[in-house]
$ cat work_22.txt   # compact mmCIF, C-alpha atoms
# COMPACT_ATOMS: atom_id res chain seq x y z
CA MET A 10 3.15 -8.21 25.87
CA THR A 11 3.40 -4.46 25.31
CA THR A 12 0.45 -3.02 23.37
CA PHE A 13 -0.85 0.32 22.16
CA ARG A 14 -3.43 1.57 19.65
CA SER A 15 -2.46 3.22 16.37
CA MET A 16 -3.63 3.18 12.73
CA GLY A 17 -7.02 1.92 13.92
CA CYS A 18 -5.61 -1.34 15.34
CA THR A 19 -3.74 -2.78 18.30
CA VAL A 20 0.05 -2.89 17.94
CA GLU A 21 1.78 -5.66 19.89
CA LEU A 22 5.46 -5.88 20.90
CA PRO A 23 7.39 -8.27 23.16
CA GLU A 24 7.02 -7.71 26.89
CA GLY A 25 9.47 -5.09 28.07
CA ALA A 26 10.25 -3.74 24.59
CA ASP A 27 10.95 -0.02 24.45
CA ASP A 28 7.75 1.01 22.71
CA ARG A 29 8.31 4.79 22.64
CA ARG A 30 10.11 4.98 19.30
CA VAL A 31 7.81 2.38 17.75
CA ARG A 32 4.73 4.23 18.94
CA ALA A 33 6.16 7.49 17.59
CA LEU A 34 6.81 5.82 14.22
CA PHE A 35 3.26 4.45 13.96
CA ASP A 36 1.70 7.74 15.03
CA GLU A 37 3.84 9.76 12.62
CA ARG A 38 2.94 7.47 9.71
CA ASP A 39 -0.73 7.60 10.68
CA ARG A 40 -0.68 11.42 10.75
CA ARG A 41 1.09 11.63 7.39
CA PHE A 42 -0.70 8.89 5.42
CA SER A 43 -4.23 8.81 6.81
CA ARG A 44 -7.08 9.65 4.44
CA PHE A 45 -9.12 10.71 7.45
CA HIS A 46 -6.91 13.42 8.96
CA PRO A 47 -7.72 16.57 6.95
CA ASP A 48 -4.24 17.97 7.62
CA SER A 49 -2.33 14.80 6.62
CA GLU A 50 0.01 15.04 3.65
CA LEU A 51 -2.08 12.43 1.82
CA SER A 52 -5.32 14.38 2.36
CA SER A 53 -3.63 17.51 1.10
CA LEU A 54 -2.45 15.62 -2.00
CA ASN A 55 -5.94 14.19 -2.60
CA ARG A 56 -7.53 17.64 -2.48
CA MET A 57 -5.65 18.38 -5.74
CA PRO A 58 -5.76 14.97 -7.45
CA LEU A 59 -4.46 16.03 -10.88
CA GLY A 60 -1.16 17.28 -12.28
CA ALA A 61 2.31 17.57 -10.83
CA SER A 62 2.93 17.66 -7.08
CA PHE A 63 6.06 17.65 -4.96
CA VAL A 64 5.82 15.23 -2.04
CA SER A 65 7.93 14.59 1.05
CA GLU A 66 10.68 11.97 1.04
CA GLU A 67 8.54 9.76 3.31
CA LEU A 68 5.52 9.96 1.03
CA SER A 69 7.69 9.38 -2.03
CA ARG A 70 9.11 6.24 -0.41
CA MET A 71 5.64 4.92 0.48
CA LEU A 72 4.31 5.72 -2.99
CA ALA A 73 7.27 3.86 -4.51
CA HIS A 74 6.35 0.80 -2.37
CA ALA A 75 2.74 1.10 -3.51
CA LEU A 76 3.60 1.41 -7.20
CA ARG A 77 5.98 -1.56 -7.04
CA ALA A 78 3.32 -3.60 -5.27
CA ALA A 79 0.76 -2.60 -7.88
CA ARG A 80 3.02 -3.69 -10.74
CA ALA A 81 3.91 -6.95 -8.97
CA THR A 82 0.22 -7.79 -8.63
CA GLY A 83 -0.83 -6.77 -12.13
CA GLY A 84 -2.60 -3.70 -10.76
CA LEU A 85 -4.74 -5.62 -8.24
CA VAL A 86 -3.23 -3.99 -5.16
CA THR A 87 -3.16 -0.38 -6.29
CA PRO A 88 -2.95 2.98 -4.53
CA ALA A 89 -5.35 4.44 -7.13
CA VAL A 90 -8.47 3.17 -5.31
CA GLY A 91 -8.94 6.24 -3.07
CA ALA A 92 -12.06 7.52 -4.83
CA ALA A 93 -13.54 4.00 -5.10
CA VAL A 94 -13.12 3.34 -1.36
CA VAL A 95 -14.80 6.67 -0.58
CA ALA A 96 -17.58 5.93 -3.10
CA ALA A 97 -18.23 2.63 -1.29
CA GLY A 98 -18.85 4.66 1.86
CA TYR A 99 -15.49 4.33 3.65
CA ASP A 100 -15.05 8.08 4.05
CA ASP A 101 -14.17 8.35 7.74
CA ASP A 102 -12.35 6.46 10.48
CA PHE A 103 -13.99 3.05 10.57
CA ASP A 104 -15.10 3.53 14.19
CA ARG A 105 -17.11 6.57 13.12
CA LEU A 106 -18.78 5.04 10.02
CA PRO A 107 -22.57 4.70 10.24
CA GLU A 108 -23.66 1.06 9.92
CA ASP A 109 -25.87 1.83 6.93
CA GLY A 110 -26.54 4.76 4.63
CA PRO A 111 -27.77 5.72 1.16
CA PRO A 112 -27.05 3.33 -1.74
CA VAL A 113 -23.66 3.74 -3.42
CA LEU A 114 -22.36 3.23 -6.95
CA PRO A 115 -18.86 2.03 -7.86
CA VAL A 116 -16.44 4.41 -9.58
CA ARG A 117 -13.77 3.53 -12.11
CA VAL A 118 -10.29 2.87 -10.71
CA PRO A 119 -7.73 4.83 -12.77
CA SER A 120 -4.96 3.00 -14.58
CA LEU A 121 -1.47 2.89 -13.10
CA HIS A 122 -0.20 4.37 -16.36
CA ALA A 123 -1.64 7.70 -15.28
CA LEU A 124 0.72 7.78 -12.27
CA SER A 125 4.38 8.64 -12.42
CA LEU A 126 6.85 9.13 -9.58
CA ARG A 127 10.37 10.51 -9.95
CA GLY A 128 11.94 11.29 -6.60
CA PRO A 129 9.72 13.90 -4.97
CA LEU A 130 7.78 14.65 -8.19
CA LEU A 131 4.43 12.89 -8.50
CA VAL A 132 2.48 13.38 -11.71
CA ARG A 133 -1.12 12.32 -12.16
CA ALA A 134 -2.30 12.54 -15.76
CA GLU A 135 -5.92 12.09 -14.70
CA PRO A 136 -7.63 12.74 -11.37
CA ILE A 137 -6.42 10.07 -8.93
CA GLU A 138 -7.20 10.02 -5.24
CA LEU A 139 -4.60 7.91 -3.50
CA ASP A 140 -5.10 5.34 -0.75
CA LEU A 141 -1.86 3.96 0.72
CA ASN A 142 -3.63 1.49 2.99
CA CYS A 143 -2.19 -1.23 0.76
CA VAL A 144 1.37 -0.68 2.00
CA VAL A 145 1.57 1.69 4.98
CA LYS A 146 0.81 -0.77 7.78
CA GLY A 147 2.98 -3.59 6.40
CA ALA A 148 5.94 -1.29 5.76
CA THR A 149 5.57 0.31 9.19
CA VAL A 150 5.56 -3.10 10.92
CA ASP A 151 8.81 -3.97 9.08
CA ASP A 152 10.36 -0.59 9.93
CA ALA A 153 9.28 -0.91 13.57
CA LEU A 154 10.98 -4.30 13.83
CA ALA A 155 14.19 -2.77 12.45
CA LEU A 156 13.83 0.03 15.01
CA LEU A 157 13.48 -2.50 17.85
CA GLY A 158 16.51 -4.40 16.57
CA GLY A 159 14.80 -7.77 16.98
CA GLY A 160 11.84 -9.57 18.52
CA PHE A 161 8.49 -9.11 16.80
CA VAL A 162 5.93 -6.48 15.86
CA ALA A 163 2.28 -7.22 15.13
CA ALA A 164 -0.43 -4.80 14.03
CA GLY A 165 -3.97 -5.84 13.16
CA GLY A 166 -3.14 -9.14 11.50
CA ASP A 167 0.25 -8.10 10.11
CA VAL A 168 3.31 -9.65 11.77
CA ALA A 169 7.08 -9.32 11.36
CA THR A 170 9.55 -11.27 13.45
CA SER A 171 13.26 -11.98 13.69
CA ALA A 172 12.87 -15.05 15.93
CA PRO A 173 10.47 -18.03 15.95
CA LEU A 174 6.98 -16.89 16.88
CA VAL A 175 3.82 -19.00 17.16
CA VAL A 176 1.01 -17.16 15.40
CA GLY A 177 -2.67 -18.04 15.75
CA LEU A 178 -4.70 -18.06 12.53
CA PRO A 179 -8.35 -17.45 11.66
CA GLY A 180 -10.34 -20.61 12.39
CA GLY A 181 -8.09 -21.84 15.18
CA ASP A 182 -4.87 -23.24 13.66
CA ALA A 183 -1.40 -21.91 14.38
CA VAL A 184 1.96 -21.76 12.61
CA THR A 185 5.50 -20.96 13.64
CA LEU A 186 6.87 -17.96 11.80
CA HIS A 187 10.66 -18.34 11.94
CA GLY A 188 11.41 -14.96 10.38
CA GLY A 189 10.11 -12.46 7.84
CA GLY A 190 6.45 -11.60 7.74
CA LEU A 191 2.97 -13.04 7.85
CA ALA A 192 -0.28 -11.23 7.11
CA THR A 193 -3.96 -12.02 6.99
CA SER A 194 -6.22 -10.07 4.67
CA SER A 195 -9.87 -10.28 5.58
CA VAL A 196 -13.26 -9.10 4.36
CA THR A 197 -14.82 -9.83 7.75
CA LYS A 198 -13.21 -7.06 9.76
CA ARG A 199 -14.05 -3.72 8.21
CA ARG A 200 -17.60 -4.15 6.89
CA TRP A 201 -20.51 -1.75 6.66
CA ARG A 202 -23.75 -1.38 4.68
CA ARG A 203 -24.91 1.14 2.12
CA GLY A 204 -28.43 0.88 0.76
CA GLY A 205 -28.67 -2.37 2.74
CA GLU A 206 -25.79 -3.94 0.77
CA GLU A 207 -22.65 -5.26 2.46
CA GLN A 208 -19.49 -3.27 1.71
CA HIS A 209 -15.86 -3.79 2.72
CA HIS A 210 -12.52 -2.07 2.21
CA LEU A 211 -10.92 -4.34 -0.42
CA ILE A 212 -11.76 -2.85 -3.81
CA ASP A 213 -11.67 -4.89 -7.02
CA PRO A 214 -9.96 -2.54 -9.51
CA GLU A 215 -11.92 -4.15 -12.36
CA THR A 216 -15.31 -3.14 -10.97
CA GLY A 217 -14.41 -0.27 -8.64
CA ALA A 218 -16.59 -1.94 -5.98
CA PRO A 219 -15.77 -4.08 -2.92
CA ALA A 220 -14.56 -7.44 -4.26
CA ARG A 221 -17.04 -10.32 -4.34
CA VAL A 222 -14.77 -13.27 -3.58
CA PRO A 223 -15.13 -16.78 -2.12
CA TRP A 224 -12.64 -16.10 0.68
CA LEU A 225 -13.24 -14.50 4.06
CA ASP A 226 -9.60 -14.59 5.18
CA VAL A 227 -6.33 -15.17 3.34
CA THR A 228 -3.08 -15.65 5.27
CA VAL A 229 0.31 -15.50 3.54
CA ALA A 230 3.91 -15.78 4.76
CA ALA A 231 6.68 -13.96 2.88
CA GLY A 232 10.11 -12.42 3.31
CA SER A 233 8.69 -9.30 4.98
CA CYS A 234 5.43 -8.12 6.44
CA LEU A 235 4.93 -5.69 3.55
CA ALA A 236 5.36 -8.50 1.01
CA ALA A 237 3.05 -10.84 2.95
CA ASP A 238 0.35 -8.16 3.21
CA VAL A 239 0.48 -7.27 -0.48
CA ALA A 240 0.42 -10.96 -1.47
CA ALA A 241 -2.49 -11.73 0.88
CA LYS A 242 -4.54 -8.87 -0.57
CA ALA A 243 -3.79 -9.93 -4.15
CA ALA A 244 -4.60 -13.58 -3.41
CA LEU A 245 -7.88 -12.60 -1.81
CA LEU A 246 -8.86 -10.35 -4.73
CA LEU A 247 -8.00 -13.11 -7.23
CA GLY A 248 -10.65 -15.40 -5.75
CA ALA A 249 -10.33 -18.98 -6.96
CA ALA A 250 -7.05 -18.16 -8.73
CA GLY A 251 -5.44 -16.95 -5.49
CA PRO A 252 -3.84 -20.23 -4.34
CA SER A 253 -2.05 -20.92 -7.64
CA TRP A 254 -0.97 -17.26 -7.96
CA LEU A 255 0.83 -17.62 -4.62
CA ASP A 256 2.30 -20.99 -5.61
CA ARG A 257 3.86 -19.45 -8.71
CA ARG A 258 5.64 -16.95 -6.47
CA GLY A 259 6.82 -19.56 -3.97
CA LEU A 260 4.53 -18.25 -1.24
CA PRO A 261 2.46 -20.33 1.19
CA GLY A 262 -1.19 -19.31 1.50
CA ARG A 263 -4.09 -20.37 3.68
CA PHE A 264 -7.67 -19.54 2.68
CA VAL A 265 -10.86 -19.59 4.76
CA ASP A 266 -14.03 -19.75 2.65
CA GLU A 267 -17.54 -18.49 3.42
CA GLN A 268 -18.48 -21.79 5.06
CA GLY A 269 -15.47 -21.56 7.36
CA ASP A 270 -13.62 -24.38 5.57
CA VAL A 271 -9.85 -24.02 5.34
CA HIS A 272 -7.99 -24.47 2.02
CA VAL A 273 -4.22 -24.29 1.56
CA ASN A 274 -2.05 -23.98 -1.51
CA GLU A 275 0.75 -26.37 -2.44
CA ASN A 276 3.46 -24.26 -0.78
CA TRP A 277 1.58 -24.18 2.50
CA ARG A 278 1.09 -27.94 2.28
CA GLN A 279 4.83 -28.45 1.73
CA LEU A 280 6.03 -26.07 4.43
CA VAL A 281 3.42 -26.46 7.16
CA LEU A 282 1.31 -29.61 6.78
CA LEU A 283 3.71 -32.25 5.39
CA PRO A 284 6.37 -31.82 8.11
CA LEU A 285 3.53 -32.17 10.63
CA ALA A 286 2.38 -35.46 9.06
CA ALA A 287 5.91 -36.90 8.81
CA MET B 15 22.02 63.51 -20.82
CA GLU B 16 22.42 61.91 -17.40
CA PRO B 17 18.67 61.47 -16.76
CA SER B 18 18.13 59.84 -20.19
CA SER B 19 21.15 57.57 -19.49
CA ARG B 20 19.55 56.44 -16.26
CA ILE B 21 16.33 55.81 -18.14
CA ALA B 22 18.26 53.81 -20.74
CA LYS B 23 19.92 51.76 -18.00
CA ALA B 24 16.56 51.15 -16.35
CA ARG B 25 15.12 50.02 -19.68
CA ARG B 26 18.04 47.63 -20.15
CA ARG B 27 17.46 46.19 -16.70
CA VAL B 28 13.75 45.78 -17.42
CA ARG B 29 14.60 44.08 -20.73
CA ALA B 30 17.08 41.73 -19.00
CA ALA B 31 14.53 40.93 -16.31
CA ARG B 32 11.92 40.15 -18.98
CA TYR B 33 14.35 37.79 -20.72
CA ALA B 34 15.15 36.09 -17.41
CA ILE B 35 11.48 35.67 -16.55
CA GLY B 36 10.78 34.36 -20.05
CA ALA B 37 13.66 31.88 -19.88
CA LEU B 38 12.53 30.65 -16.45
CA ALA B 39 8.96 30.25 -17.69
CA VAL B 40 10.14 28.26 -20.73
CA ALA B 41 12.34 26.04 -18.55
CA GLY B 42 9.51 25.47 -16.05
CA PHE B 43 7.07 24.70 -18.83
CA ALA B 44 9.56 22.21 -20.34
CA VAL B 45 10.03 20.41 -16.99
CA PHE B 46 6.28 20.21 -16.37
CA GLY B 47 5.67 19.13 -19.95
CA ALA B 48 8.25 16.35 -19.68
CA ALA B 49 6.75 15.12 -16.41
CA ALA B 50 3.21 15.25 -17.77
CA ARG B 51 4.28 13.46 -20.94
CA ASP B 52 5.89 10.78 -18.84
CA ALA B 53 2.65 10.21 -16.94
CA HIS B 54 0.48 10.14 -20.07
CA PRO B 55 -0.85 6.66 -20.93
CA ALA B 56 0.16 6.93 -24.59
CA THR B 57 3.75 7.64 -23.61
CA HIS B 58 3.81 4.62 -21.35
CA HIS B 59 2.50 2.41 -24.10
CA SER B 60 5.16 3.62 -26.47
CA VAL B 61 7.80 3.17 -23.79
CA GLN B 62 6.59 -0.36 -23.21
CA ALA B 63 6.47 -1.08 -26.91
CA ALA B 64 9.99 0.16 -27.40
CA GLN B 65 11.17 -1.57 -24.23
CA ASP B 66 12.96 1.55 -23.27
CA ASN B 67 14.85 0.19 -20.30
CA GLN B 68 16.54 3.48 -19.56
CA ALA B 69 13.21 5.18 -18.99
CA ALA B 70 12.16 2.34 -16.73
CA GLN B 71 15.35 2.67 -14.71
CA ASP B 72 14.76 6.39 -14.30
CA ASP B 73 11.37 5.78 -12.69
CA GLN B 74 12.19 4.95 -9.10
CA SER B 75 9.00 2.94 -8.72
CA SER B 76 9.70 0.58 -11.60
CA ASP B 77 12.21 -1.72 -9.93
CA SER B 78 10.71 -5.03 -8.97
CA PHE B 79 8.84 -5.81 -5.80
CA SER B 80 10.40 -8.69 -3.88
CA PHE B 81 8.14 -11.14 -2.09
CA GLY B 82 11.22 -12.67 -0.44
CA THR B 83 11.53 -16.15 0.99
CA PRO B 84 8.91 -17.29 3.48
CA SER B 85 10.08 -18.98 6.64
CA VAL B 86 7.12 -20.72 8.21
CA GLY B 87 6.44 -24.16 9.66
CA ASP B 88 4.09 -26.11 11.84
CA SER B 89 3.61 -24.97 15.41
CA GLY B 90 3.44 -28.40 17.03
CA SER B 91 1.05 -27.95 19.90
CA ALA B 92 2.48 -24.66 21.04
CA VAL B 93 0.07 -22.01 22.27
CA PRO B 94 -0.04 -18.96 19.95
CA GLN B 95 1.88 -15.98 21.27
CA ILE B 96 -0.07 -13.60 19.03
CA ARG B 97 -2.92 -13.84 16.54
CA SER B 98 -3.10 -12.85 12.88
CA SER B 99 -6.82 -12.28 12.75
CA GLY B 100 -6.95 -10.14 9.65
CA SER B 101 -7.21 -6.52 8.70

$ encode --input "work_22.txt" --output "structure tokens"
Amino acid sequence: MTTFRSMGCTVELPEGADDRRVRALFDERDRRFSRFHPDSELSSLNRMPLGASFVSEELSRMLAHALRAARATGGLVTPAVGAAVVAAGYDDDFDRLPEDGPPVLPVRVPSLHALSLRGPLLVRAEPIELDLNCVVKGATVDDALALLGGGFVAAGGDVATSAPLVVGLPGGDAVTLHGGGLATSSVTKRRWRRGGEEQHHLIDPETGAPARVPWLDVTVAAGSCLAADVAAKAALLLGAAGPSWLDRRGLPGRFVDEQGDVHVNENWRQLVLLPLAA
Amino acid sequence: MEPSSRIAKARRRVRAARYAIGALAVAGFAVFGAAARDAHPATHHSVQAAQDNQAAQDDQSSDSFSFGTPSVGDSGSAVPQIRSSGS
């Protein structure tokens, strides 16, 4: 296995894969879309969070992904959570965050209606700090796989493959991903405390605070890594309604609750468990 | 008369430049106004109410997000090649 670090996680490729172009892609995306690099294009955009701005073609493309994802999830997975994530205390690279700090208060997450994108022209009708964490990693994993021309790419729980790949899951099970993408969204990985209260990076747009949900990990398979990642985040944020939300979209989902028990939706049962029992 | 002619020409050029600057400012204001109007919540509500499909097609972010078709199955007893441990 070929590995390297980027975007705050370990990127894995098949043994012997030419990792130079993939590494360059991850690093370029990280530099452009990170909230934590003061000279990134996203940071520059967030310093002036209101009005009309012209953005690069790359940023426009990523914003278009994010807005489509937001609409497909009824606004649950939204790029408008930048200020809310910072308010919760996630204001630096996770490795540099202090474990605890002063108490924090949630801030309102702006409506999607205040965001408009036409080509390179982004208009924000109210102050909106953007966070593209919802799409950048998933889209980059998909793009990296296309760059490799086959095999697989995995980055911090997000996987894309063009050939059968056995993937280990939280809690010890495994599945074979024949193609497309698989992603696990988790509230156990990036956690910190503020005022003694547990915080994490998945913001509930209704409250503007880290979501209080019954799931620790949600794993979803979909046609691409980006789609799986967006669906896993939405299903996690939906709490008890997550499994049926995935079923209605034909997606298999696996949920680990706070006691460590594993729950699956009907699609997962049909695709993964029933063939095993037969 | 030549000096006053030059002054007259200079005045005409200044006048033309003022018109050009004014026209550019009006055009710029119109573009910004249209973009701002498009982003305003009230406009979006009216667009939704009227089901203005053309406006939706113009917005590059309004086409649908595809979740695609999952292709996943049981692993038998195979050892995982990688882990999806969450992010």

$ residues_around --input "work_22.txt" --residues "Gly100 in chain B" --least-positions-apart "5" --cutoff "6 Å" --atoms "only C-alpha atoms" --output "list of chain:residue names"
A:Gly166, A:Thr193, A:Ser194, A:Ser195

$ interface_residues --input "work_22.txt" --of "chain A" --to "chain B" --cutoff "6 Å" --atoms "all atoms listed in the file" --output "ChimeraX atom specification"
/A:73,76-78,81,122-125,127,134,165-166,175-179,183-188,193-195,230-232,236,280-281

$ atom_distance --input "work_22.txt" --atom1 "CA of Phe103 in chain A" --atom2 "CA of Ala249 in chain A"
28.4 Å

$ atom_distance --input "work_22.txt" --atom1 "CA of Val168 in chain A" --atom2 "CA of Leu191 in chain A"
5.2 Å

$ atom_distance --input "work_22.txt" --atom1 "CA of Gly17 in chain A" --atom2 "CA of Asp102 in chain A"
7.8 Å
